[in-house]
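Below is one structure, written out as structure tokens, with a few remarks after it.
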Amino acid sequence: MMETKKFEFSAEHKGKIEKIIQKYPAGRQASAVLPLLDLAQRQADGWLPAEAIEAVAKILNMPPMRVYEVASFYSMFNLKSVGKFHIQVCRTTPCWLRGSDELTNSCQKKLGISKGQTSKDGNFTLNEVECLGACANAPVVQINDDLYEDLTPESLMKVMDQLAVGQKPKIGSQIGRQGSAPLAVDDSKTALPDPLFNLKPGHQNS
């Protein structure tokens, strides 16, 4: 059962909604359902109460169930209240191979919650999601709108500690990587040996 909360789009968002709908051809306004749901979620503290879904449906002249189907399909939309900081741990293959399970376990231990739950102080909600689209910098976590990349359990705990006291942690790579550039490597340890170089005088292949 969905949670409920009185909802009406703000005057600021009503102006944005008009501009969004104007981008779509006549009769195709329902295609604006994703950006309108995003606006509704931002206004409703990071989640979509039933009343917000109904408001979007009314504006786009859609059955509320159709809007609910869209909202429930995408993990970017939350159908129940979340904490001030919504931690989404990517669990897709590259992140899993690079330690996403350890990130999730560290969060659960630190916050005393399981996946899908919110900490007692209301600060953090923890969830696992599929690909966040930053595979080269795995493992990756999204907290609200920001990506934190190249994480270890220790660096993620540092990010959470900073958020908890109102600081703004550095977003992106936590190890100083530029964008998705390869990490610096010692070529002498990765270069293939030259077979001729390794042949000693008088050496004969058996």
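Numbering starts fresh at 1 for the residues of each chain in the structure tokens, the chains themselves are lettered A, B, ... in the order given, and ligands are numbered from 1 as they appear.
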
Spatial neighbours of His86 (chain A), 10 Å, only C-alpha atoms, chain gap at least 3 places, as a VMD selection string: chain A and resid 46 78 82 to 83 89 118 123 to 127 142 to 145

Secondary structure check, alpha helix (DSSP H) residues of region 42-206 of chain A, as number ranges by chain: A: 42-43, 50-60, 64-73, 93-97, 100-111, 153-164, 187-190, 195-198

Strand (DSSP E) call set, DSSP backbone run, region 38-199 of chain A, as a ChimeraX atom specification: /A:85-90,124-129,141-143,146-149,172-173

Residues within 7 Å of region 6-12 of chain A, only C-alpha atoms, excluding chain neighbours under 2 positions, as a ChimeraX atom specification: /A:4,14-16,51-52

Point-to-point distance in Å for CA of Lys84 (chain A) and CA of Leu163 (chain A):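 CA of Lys84 (chain A) lies 9.7 Å from CA of Leu163 (chain A).
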